[in-house]
Each structure stands twice: as structure tokens, then as C-alpha cells.
Amino acid sequence: MNGQRREQPAAISRQPRLLRLRGAAALSAFRREKLVAATLERFPAVESVDAEFWHFVDVDGDLGRSDHDILSSLLTYGPQPRPVQRSDDLFLVVPRLGTISPWSTKATDIARHCGLNSVARIERGTAWYVTWRHGLAPDARDWRQLAGHFYDPMTESVLRDFDGADDLFRLSEPRPLSTVALVADGPKALERANSEWGLALSEEEVGYLAEHFLGLGRDPTDVELMMFAQVNSEHCRHKIFNADWVVDGEPQSRSLFDMIRETHRRQPGGTLVAYADNSAILEGSRAQRFFPSPASREYQSVDEPVHIVCKVETHNHPTAISPFPGAATGSAHPSHPGHAAFTAGASRSADAAFAAGTRVATGAGRAALAAAAATA
């Protein structure tokens with residue numbers, strides 16, 4: 001792409017003072033039994049596998065005895081510890097180097113609220129111990145394949161020893177921007193960047209960006225292109241849902257979103273709010289709630305309506321590549337537009353359900369889409 005990128009600067013000079021605190025077993029006996037069976041089936045040279053948590057604490061200044069006791073107490077959690085089969089072959093899985101994990105953000109916040117002001121940051125890793133069958137020492141290929149069995153390369157890094165955990169807290173200068181040589185090479189340069197960087201820009205979007213930056217007389221940066229790709233994505237803009245809809249070559253009078261809204265237009269009963277900030281409110285029932293009166297501040301039973309807020313969230317990414325963090329994001333994010341759909345309300349409970357399927361309609365699915373479009 002003929003982009004200009006300077007040499008990456010060296011790390012900032014500050015070095016953390018790192019504490020390493022051993023945690024409990026990372027696997028229950030049941031989960032360990034299942035994992036060992038799955039591992040042995042795929043890697044016959046492995047005799048046993050076990051894992052335990054380790055906590056890495058970046059301390060800024062001195063940590064007194066009482067503070068150390070508080071920190072140890074905070075990091076003692078979960079079920080009763082069981083003996084862990086440790087071995088010399090270690091796979092230390094930590095949050096991806098250069099990132100701060102959600103677990104770290106919460107744990108550090110709790111430590112600060114407990115008065116541990118000298119704790120700059122806490123991270124957690126999982127030490128995987130592997131015992132190999134006698135006489136079957138692993139080579140580099142075996143190690144790489146087995147390491148991939150224990151971690152998610154999108155969100156985690158794997159280290160061979162505990163000393164490598166220092167890199168979790170090593171501060172580096174931001175990398176310099178890259179530019180796409182649009183002025184020199186024309187729109188073809190943007191097309192290459194779109195393909196190589198996985199921006200998923202449409203042909204129209206590439207043309208729009210080329211015209212915009214050529215009008216400015218400068219090359220776009222990688223950050224500008226990435227931000228445009230995210231902000232203008234289907235997730236944010238719903239371009240496909242609101243686009244012209246053609247079924248078997250026949251243009252439809254309504255977009256896909258219009259077809260969806262048609263159901264409510266025909267049958268609005270039981271719906272209090274529809275399509276408000278991507279959410280809706282269904283009419284619920286009355287129920288007794290027990291809470292303090294704003295006037296007397298005394299607890300009392302109140303009979304009031306309890307309605308249901310519904311929200312659909314399209315979290316194909318990052319759920320598809322990182323299921324657990326992606327699902328956490330997908331379950332938490334719907335609360336935001338749900339609250340925006342009404343005023344003077346309060347959430348009492350929430351449920352989240354996930355569904356997955358092909359996005360290509362064929363056979364009966366295609367016929368159903370055509371029939372729905374014809375009756376809309």
C-alpha cells in the first residue's frame with residue numbers, strides 16, 4: 001500500500017514493581033476431567049493437564065503488611081482450593097499484551113475502593129501445567145498446537161514463564177499512523193487497504209472516501225479508515241435493513257425494516273412503545289412491589305404495572321471470534337437503548353438469549369421471504 005510507517009519506538013522507561021500472587025485452581029474437578037479427556041484425544045502424547053489462577057499486581061510505591069493482607073484477601077475467591085498437578089511445562093495464558101482486560105478494570109476498581117491506593121493495576125492469568133508421556137518430549141510444532149488449545153489469540157497471549165508477565169504492564173509509545181497512498185496511486189490504493197485491513201467497505205464507500213480525501217488533497221490514515229468502517233457499519237447504520245429490497249428480481253415497495261414494522265402496524269395490541277431507539281415496550285401485568293416510599297422513606301407494598309422492554313442486538317462481532325467476551329458485551333449493551341425507550345422507569349430483572357444461523361436465504365426460507373414481501 002506504499003504506506004509510510006516509522007520504526008516503533010522503544011518502551012517508556014517506567015518499569016512496574018510486580019507482585020505475583022498464586023490463586024485457586026482454575027478448573028473444577030469435573031471441568032478438568034472433561035478437558036483432560038478432550039486433550040488426550042487430540043494430543044496423545046499428553047499425560048495430564050491442570051490449571052490454576054495467578055494474579056499479577058503492578059504496585060506504585062510501597063505496599064505495607066496490612067495492605068498486603070487486604071490484597072491477598074480480595075484475591076482469595078471461588079470454590080475451595082484443590083491440589084493442582086504442577087509440572088515443568090508451563091503455558092501461562094494472560095490477557096493480550098498491550099490491552100487491559102475487563103476483569104482487570106473491575107478488580108483494580110475494587111482494590112482502590114478498599115483503600116489500596118498503591119495498587120496501579122491487577123491482572124489475572126491462568127497457568128496451564130502439562131505433563132507429557134514418558135519419552136515423548138514435545139517439539140516446537142507440538143507446543144504451538146497445544147498452546148492453541150488453551151487460549152484465544154484474539155484476546156489473550158500465551159507465555160512460557162512467569163517473567164514474561166512483566167510485559168502486561170510495560171508502557172509503550174503509541175505506534176505511528178500509517179497512510180494509504182491515495183494521492184499517488186488513486187482509488188486502487190484504497191481498494192487494497194480495504195482488502196488487506198479487512199475494513200469491509202462497499203464499492204460506494206470506497207468511492208466516497210476517495211473523492212473526499214482527494215478533494216482534501218491528502219492521503220487518509222489507517223485510523224480514519226478504521227473509524228469510518230466502524231461508524232458506517234451495518235451494526236450502526238442498518239444499511240441493509242433500510243436499503244431497497246429485491247426478491248427474485250422484483251423490487252419491493254418497502255424496505256426490510258418497513259416489512260418488519262408492518263406487523264406492528266397491523267396488530268398493535270399489547271404494545272405500548274414500538275421501534276423507539278431500537279427497543280419496544282410490551283404491556284405487562286400488575287404486580288406487588290416492595291420498596292421505600294420517596295416521601296416517608298419507609299418500606300411499603302405498592303401495586304403497579306410491570307411492563308416488558310424488548311431489545312434485539314446484532315452482535316455477530318466479536319461474538320463469532322471471541323464467544324465469551326462477545327456474549328458479555330451483547331447481553332449488557334441492550335440495556336442502554338432499553339432505558340432510552342421510556343422515562344420514569346426502573347429495571348428489575350433482565351434476560352438475554354442468543355440465536356445463530358445462516359444469513360443466506362435458500363429454498364423454503366427464500367420462498368417465505370417472497371411471500372412475506374408480497375403480503376406486506
# chains A, B, ... in the order shown; residues from 1 in each chain; ligands from 1
$ closest_atom_pairs --of "region 102-176 of chain A" --to "region 29-45 of chain A" --cutoff "12 Å" --atoms "only C-alpha atoms" --output "CSV"
residue,atom,partner,partner_atom,distance
A:Trp128,CA,A:Arg32,CA,11.2
A:Tyr129,CA,A:Val36,CA,11.4
A:Val130,CA,A:Val36,CA,10.0
A:Thr131,CA,A:Ala45,CA,9.0
A:Trp132,CA,A:Ala45,CA,5.9
A:Arg133,CA,A:Ala45,CA,5.6
A:His134,CA,A:Ala45,CA,8.7
A:Gly135,CA,A:Ala45,CA,9.2
A:Leu136,CA,A:Ala45,CA,6.1
A:Ala137,CA,A:Ala45,CA,8.2
A:Pro138,CA,A:Ala45,CA,8.0
A:Asp139,CA,A:Ala45,CA,11.2
A:Arg141,CA,A:Phe43,CA,12.0
A:Asp142,CA,A:Phe43,CA,8.6
A:Trp143,CA,A:Phe43,CA,10.5
A:Arg144,CA,A:Phe43,CA,11.9
A:Gln145,CA,A:Phe43,CA,9.0
A:Leu146,CA,A:Phe43,CA,7.6
A:Ala147,CA,A:Thr39,CA,11.2
A:Gly148,CA,A:Thr39,CA,11.4
A:His149,CA,A:Thr39,CA,8.0
A:Phe150,CA,A:Thr39,CA,9.8
$ closest_atom_pairs --of "region 156-258 of chain A" --to "region 80-101 of chain A" --cutoff "9 Å" --atoms "only C-alpha atoms" --output "CSV"
residue,atom,partner,partner_atom,distance
A:Glu156,CA,A:Arg96,CA,3.9
A:Ser157,CA,A:Arg96,CA,4.6
A:Val158,CA,A:Val93,CA,4.5
A:Leu159,CA,A:Leu92,CA,4.9
A:Arg160,CA,A:Phe91,CA,5.5
A:Asp161,CA,A:Leu92,CA,6.6
A:Phe162,CA,A:Leu92,CA,7.2
A:Gly164,CA,A:Leu92,CA,8.8
A:Ala165,CA,A:Val94,CA,7.7
A:Asp167,CA,A:Leu97,CA,6.8
A:Leu168,CA,A:Leu97,CA,5.5
A:Phe169,CA,A:Gly98,CA,8.0
A:Arg170,CA,A:Gly98,CA,8.0
A:Leu171,CA,A:Gly98,CA,8.1
A:Ser172,CA,A:Gly98,CA,8.4
$ write_last_selection --atoms "all heavy atoms" --output "compact mmCIF listing (two decimals), in the first residue's frame"
# COMPACT_ATOMS: atom_id res chain seq x y z
N GLU A 156 -6.09 -13.02 24.03
CA GLU A 156 -5.13 -13.50 25.02
C GLU A 156 -3.75 -13.72 24.39
O GLU A 156 -3.63 -13.84 23.17
CB GLU A 156 -5.62 -14.80 25.66
CG GLU A 156 -6.91 -14.66 26.44
CD GLU A 156 -7.47 -15.99 26.90
OE1 GLU A 156 -7.43 -16.96 26.10
OE2 GLU A 156 -7.95 -16.07 28.05
N SER A 157 -2.74 -13.76 25.24
CA SER A 157 -1.38 -14.11 24.84
C SER A 157 -0.94 -15.30 25.68
O SER A 157 -1.40 -15.48 26.81
CB SER A 157 -0.41 -12.94 25.05
OG SER A 157 -0.76 -11.83 24.25
N VAL A 158 -0.03 -16.10 25.13
CA VAL A 158 0.49 -17.23 25.88
C VAL A 158 1.99 -17.05 26.07
O VAL A 158 2.72 -16.69 25.14
CB VAL A 158 0.17 -18.57 25.17
CG1 VAL A 158 0.81 -18.63 23.80
CG2 VAL A 158 0.61 -19.75 26.01
N LEU A 159 2.47 -17.25 27.32
CA LEU A 159 3.86 -17.06 27.68
C LEU A 159 4.44 -18.38 28.17
O LEU A 159 3.71 -19.27 28.61
CB LEU A 159 3.99 -16.00 28.79
CG LEU A 159 3.24 -14.67 28.54
CD1 LEU A 159 3.29 -13.80 29.79
CD2 LEU A 159 3.85 -13.94 27.36
N ARG A 160 5.76 -18.50 28.13
CA ARG A 160 6.40 -19.74 28.56
C ARG A 160 6.90 -19.69 29.99
O ARG A 160 7.30 -20.72 30.54
CB ARG A 160 7.57 -20.07 27.63
CG ARG A 160 7.20 -20.55 26.25
CD ARG A 160 6.12 -21.63 26.22
NE ARG A 160 6.32 -22.74 27.11
CZ ARG A 160 6.91 -23.87 26.80
NH1 ARG A 160 7.40 -24.04 25.59
NH2 ARG A 160 6.98 -24.86 27.65
N ASP A 161 6.91 -18.52 30.62
CA ASP A 161 7.37 -18.44 32.01
C ASP A 161 6.72 -17.24 32.68
O ASP A 161 6.13 -16.38 32.03
CB ASP A 161 8.90 -18.34 32.09
CG ASP A 161 9.46 -17.20 31.25
OD1 ASP A 161 9.01 -16.06 31.44
OD2 ASP A 161 10.32 -17.46 30.39
N PHE A 162 6.85 -17.17 34.01
CA PHE A 162 6.22 -16.10 34.78
C PHE A 162 6.92 -14.75 34.57
O PHE A 162 6.29 -13.71 34.76
CB PHE A 162 6.20 -16.47 36.26
CG PHE A 162 5.19 -17.52 36.60
CD1 PHE A 162 5.57 -18.85 36.73
CD2 PHE A 162 3.85 -17.20 36.75
CE1 PHE A 162 4.63 -19.82 37.03
CE2 PHE A 162 2.91 -18.15 37.06
CZ PHE A 162 3.30 -19.48 37.20
N GLY A 164 7.67 -13.42 31.89
CA GLY A 164 7.06 -12.74 30.76
C GLY A 164 5.84 -11.91 31.15
O GLY A 164 5.41 -11.03 30.39
N ALA A 165 5.28 -12.15 32.36
CA ALA A 165 4.11 -11.40 32.80
C ALA A 165 4.44 -9.92 33.02
O ALA A 165 3.52 -9.09 33.07
CB ALA A 165 3.54 -12.01 34.08
N ASP A 167 5.51 -7.99 30.93
CA ASP A 167 5.10 -7.27 29.72
C ASP A 167 3.63 -6.83 29.77
O ASP A 167 3.21 -5.99 28.97
CB ASP A 167 5.33 -8.14 28.48
CG ASP A 167 6.81 -8.35 28.20
OD1 ASP A 167 7.62 -7.51 28.64
OD2 ASP A 167 7.15 -9.35 27.54
N LEU A 168 2.86 -7.41 30.70
CA LEU A 168 1.47 -6.98 30.85
C LEU A 168 1.38 -5.50 31.20
O LEU A 168 0.43 -4.81 30.84
CB LEU A 168 0.78 -7.79 31.94
CG LEU A 168 0.28 -9.19 31.57
CD1 LEU A 168 -0.09 -9.95 32.84
CD2 LEU A 168 -0.91 -9.10 30.64
N PHE A 169 2.37 -5.01 31.93
CA PHE A 169 2.31 -3.65 32.47
C PHE A 169 3.33 -2.71 31.83
O PHE A 169 3.48 -1.58 32.27
CB PHE A 169 2.54 -3.69 33.98
CG PHE A 169 1.63 -4.65 34.69
CD1 PHE A 169 2.07 -5.92 35.05
CD2 PHE A 169 0.33 -4.30 34.98
CE1 PHE A 169 1.22 -6.80 35.70
CE2 PHE A 169 -0.53 -5.17 35.62
CZ PHE A 169 -0.08 -6.43 35.99
N ARG A 170 4.03 -3.20 30.84
CA ARG A 170 5.05 -2.37 30.20
C ARG A 170 4.38 -1.33 29.31
O ARG A 170 3.54 -1.67 28.46
CB ARG A 170 6.01 -3.23 29.39
CG ARG A 170 7.36 -2.57 29.15
CD ARG A 170 8.28 -3.53 28.42
NE ARG A 170 8.46 -4.77 29.14
CZ ARG A 170 9.29 -4.94 30.16
NH1 ARG A 170 10.01 -3.92 30.58
NH2 ARG A 170 9.41 -6.11 30.75
N LEU A 171 4.71 -0.07 29.51
CA LEU A 171 4.11 1.02 28.74
C LEU A 171 4.95 1.30 27.50
O LEU A 171 6.17 1.38 27.57
CB LEU A 171 4.00 2.28 29.60
CG LEU A 171 3.18 2.16 30.88
CD1 LEU A 171 3.18 3.49 31.64
CD2 LEU A 171 1.76 1.72 30.58
N SER A 172 4.28 1.46 26.39
CA SER A 172 4.96 1.76 25.13
C SER A 172 4.37 3.01 24.50
O SER A 172 3.20 3.34 24.73
CB SER A 172 4.82 0.58 24.15
OG SER A 172 5.40 -0.59 24.67
$ residues_around --residues "Val302 (chain A)" --least-positions-apart "2" --cutoff "8 Å" --atoms "only C-alpha atoms" --output "PyMOL selection string"
chain A and resi 288-291+300+304
$ write_last_selection --atoms "N, CA, C and O atoms" --output "PDB file, in the first residue's frame"
ATOM      1  N   GLN A 288     -47.237  -6.701  42.825  1.00  0.00           N
ATOM      2  CA  GLN A 288     -46.899  -6.051  44.087  1.00  0.00           C
ATOM      3  C   GLN A 288     -45.386  -5.898  44.172  1.00  0.00           C
ATOM      4  O   GLN A 288     -44.644  -6.863  44.007  1.00  0.00           O
ATOM      5  N   ARG A 289     -44.957  -4.664  44.431  1.00  0.00           N
ATOM      6  CA  ARG A 289     -43.531  -4.404  44.620  1.00  0.00           C
ATOM      7  C   ARG A 289     -43.310  -3.797  45.995  1.00  0.00           C
ATOM      8  O   ARG A 289     -44.143  -3.057  46.505  1.00  0.00           O
ATOM      9  N   PHE A 290     -42.172  -4.137  46.570  1.00  0.00           N
ATOM     10  CA  PHE A 290     -41.861  -3.718  47.939  1.00  0.00           C
ATOM     11  C   PHE A 290     -40.631  -2.823  47.886  1.00  0.00           C
ATOM     12  O   PHE A 290     -39.527  -3.275  47.565  1.00  0.00           O
ATOM     13  N   PHE A 291     -40.805  -1.518  48.154  1.00  0.00           N
ATOM     14  CA  PHE A 291     -39.684  -0.593  48.107  1.00  0.00           C
ATOM     15  C   PHE A 291     -40.007   0.609  48.989  1.00  0.00           C
ATOM     16  O   PHE A 291     -41.167   0.844  49.351  1.00  0.00           O
ATOM     17  N   GLN A 300     -42.825  -0.143  51.827  1.00  0.00           N
ATOM     18  CA  GLN A 300     -44.250  -0.396  51.694  1.00  0.00           C
ATOM     19  C   GLN A 300     -44.508  -1.217  50.442  1.00  0.00           C
ATOM     20  O   GLN A 300     -43.676  -1.267  49.534  1.00  0.00           O
ATOM     21  N   GLU A 304     -48.471  -1.948  41.089  1.00  0.00           N
ATOM     22  CA  GLU A 304     -48.172  -1.126  39.925  1.00  0.00           C
ATOM     23  C   GLU A 304     -47.981  -2.013  38.702  1.00  0.00           C
ATOM     24  O   GLU A 304     -47.713  -3.219  38.822  1.00  0.00           O
TER      25      GLU A 304
END
$ atom_distance --atom1 "CA of Glu196 (chain A)" --atom2 "CA of Ser233 (chain A)"
17.5 Å
$ residues_around --residues "Ala243 (chain A)" --least-positions-apart "6" --cutoff "9 Å" --atoms "only C-alpha atoms" --output "PyMOL selection string"
chain A and resi 255-257
$ write_last_selection --atoms "all heavy atoms" --output "PDB file, in the first residue's frame"
ATOM      1  N   SER A 255     -38.799  -1.393   2.364  1.00  0.00           N
ATOM      2  CA  SER A 255     -37.511  -1.949   2.775  1.00  0.00           C
ATOM      3  C   SER A 255     -37.754  -3.107   3.734  1.00  0.00           C
ATOM      4  O   SER A 255     -38.881  -3.338   4.197  1.00  0.00           O
ATOM      5  CB  SER A 255     -36.663  -0.871   3.456  1.00  0.00           C
ATOM      6  OG  SER A 255     -37.225  -0.531   4.717  1.00  0.00           O
ATOM      7  N   LEU A 256     -36.679  -3.836   4.071  1.00  0.00           N
ATOM      8  CA  LEU A 256     -36.814  -4.934   5.021  1.00  0.00           C
ATOM      9  C   LEU A 256     -37.308  -4.426   6.369  1.00  0.00           C
ATOM     10  O   LEU A 256     -38.131  -5.065   7.030  1.00  0.00           O
ATOM     11  CB  LEU A 256     -35.470  -5.655   5.173  1.00  0.00           C
ATOM     12  CG  LEU A 256     -35.457  -6.874   6.086  1.00  0.00           C
ATOM     13  CD1 LEU A 256     -36.454  -7.924   5.608  1.00  0.00           C
ATOM     14  CD2 LEU A 256     -34.055  -7.469   6.162  1.00  0.00           C
ATOM     15  N   PHE A 257     -36.823  -3.268   6.787  1.00  0.00           N
ATOM     16  CA  PHE A 257     -37.265  -2.695   8.048  1.00  0.00           C
ATOM     17  C   PHE A 257     -38.750  -2.321   7.988  1.00  0.00           C
ATOM     18  O   PHE A 257     -39.508  -2.499   8.949  1.00  0.00           O
ATOM     19  CB  PHE A 257     -36.419  -1.468   8.391  1.00  0.00           C
ATOM     20  CG  PHE A 257     -36.099  -1.355   9.856  1.00  0.00           C
ATOM     21  CD1 PHE A 257     -35.036  -0.575  10.282  1.00  0.00           C
ATOM     22  CD2 PHE A 257     -36.845  -2.024  10.808  1.00  0.00           C
ATOM     23  CE1 PHE A 257     -34.732  -0.467  11.626  1.00  0.00           C
ATOM     24  CE2 PHE A 257     -36.560  -1.920  12.152  1.00  0.00           C
ATOM     25  CZ  PHE A 257     -35.497  -1.151  12.566  1.00  0.00           C
TER      26      PHE A 257
END
$ closest_residue --among "A:Ala210, A:Arg65, A:Val306, A:Val223" --to "Arg175 (chain A)" --atoms "only C-alpha atoms"
A:Val223
$ residues_around --residues "region 211-220 of chain A" --least-positions-apart "3" --cutoff "7 Å" --atoms "only C-alpha atoms" --output "compact mmCIF listing (two decimals) with all heavy atoms, in the first residue's frame"
# COMPACT_ATOMS: atom_id res chain seq x y z
N THR A 179 -0.42 5.63 6.41
CA THR A 179 -1.24 6.32 5.41
C THR A 179 -1.37 5.46 4.17
O THR A 179 -0.51 4.63 3.87
CB THR A 179 -0.63 7.67 5.02
OG1 THR A 179 0.71 7.47 4.54
CG2 THR A 179 -0.60 8.62 6.22
N VAL A 180 -2.47 5.62 3.48
CA VAL A 180 -2.71 4.94 2.21
C VAL A 180 -2.38 5.93 1.09
O VAL A 180 -2.88 7.07 1.09
CB VAL A 180 -4.18 4.48 2.10
CG1 VAL A 180 -4.45 3.88 0.73
CG2 VAL A 180 -4.49 3.48 3.20
N ALA A 181 -1.54 5.50 0.16
CA ALA A 181 -1.04 6.39 -0.89
C ALA A 181 -2.11 6.67 -1.94
O ALA A 181 -1.98 6.34 -3.13
CB ALA A 181 0.21 5.79 -1.54
N LEU A 182 -3.19 7.30 -1.51
CA LEU A 182 -4.32 7.58 -2.40
C LEU A 182 -3.96 8.62 -3.44
O LEU A 182 -4.30 8.48 -4.62
CB LEU A 182 -5.52 8.04 -1.57
CG LEU A 182 -6.75 8.51 -2.33
CD1 LEU A 182 -7.34 7.36 -3.14
CD2 LEU A 182 -7.79 9.08 -1.38
N VAL A 183 -3.29 9.70 -3.03
CA VAL A 183 -2.96 10.79 -3.96
C VAL A 183 -2.07 10.28 -5.08
O VAL A 183 -2.25 10.62 -6.26
CB VAL A 183 -2.30 11.96 -3.20
CG1 VAL A 183 -1.83 13.03 -4.19
CG2 VAL A 183 -3.28 12.55 -2.18
N GLY A 207 -15.49 4.63 -3.08
CA GLY A 207 -15.56 5.79 -3.97
C GLY A 207 -15.79 7.08 -3.23
O GLY A 207 -15.19 8.12 -3.55
N TYR A 208 -16.66 7.03 -2.21
CA TYR A 208 -16.93 8.22 -1.41
C TYR A 208 -15.67 8.70 -0.69
O TYR A 208 -15.34 9.91 -0.70
CB TYR A 208 -18.03 7.92 -0.39
CG TYR A 208 -18.18 8.96 0.68
CD1 TYR A 208 -18.88 10.14 0.45
CD2 TYR A 208 -17.62 8.77 1.94
CE1 TYR A 208 -19.01 11.11 1.44
CE2 TYR A 208 -17.74 9.73 2.94
CZ TYR A 208 -18.44 10.90 2.68
OH TYR A 208 -18.55 11.84 3.66
N GLU A 224 -8.34 6.82 10.47
CA GLU A 224 -9.52 7.42 9.84
C GLU A 224 -10.35 6.39 9.10
O GLU A 224 -11.59 6.37 9.18
CB GLU A 224 -9.09 8.54 8.89
CG GLU A 224 -8.55 9.77 9.60
CD GLU A 224 -7.93 10.77 8.65
OE1 GLU A 224 -7.30 10.33 7.65
OE2 GLU A 224 -8.06 11.98 8.90
N LEU A 225 -9.68 5.50 8.38
CA LEU A 225 -10.40 4.48 7.62
C LEU A 225 -11.07 3.48 8.55
O LEU A 225 -12.22 3.06 8.31
CB LEU A 225 -9.45 3.77 6.66
CG LEU A 225 -8.86 4.63 5.54
CD1 LEU A 225 -7.88 3.82 4.72
CD2 LEU A 225 -9.96 5.20 4.65
$ closest_residue --among "A:Asn242, A:Ser202, A:Asn117, A:Ser28" --to "Met259 (chain A)" --atoms "only C-alpha atoms"
A:Asn242
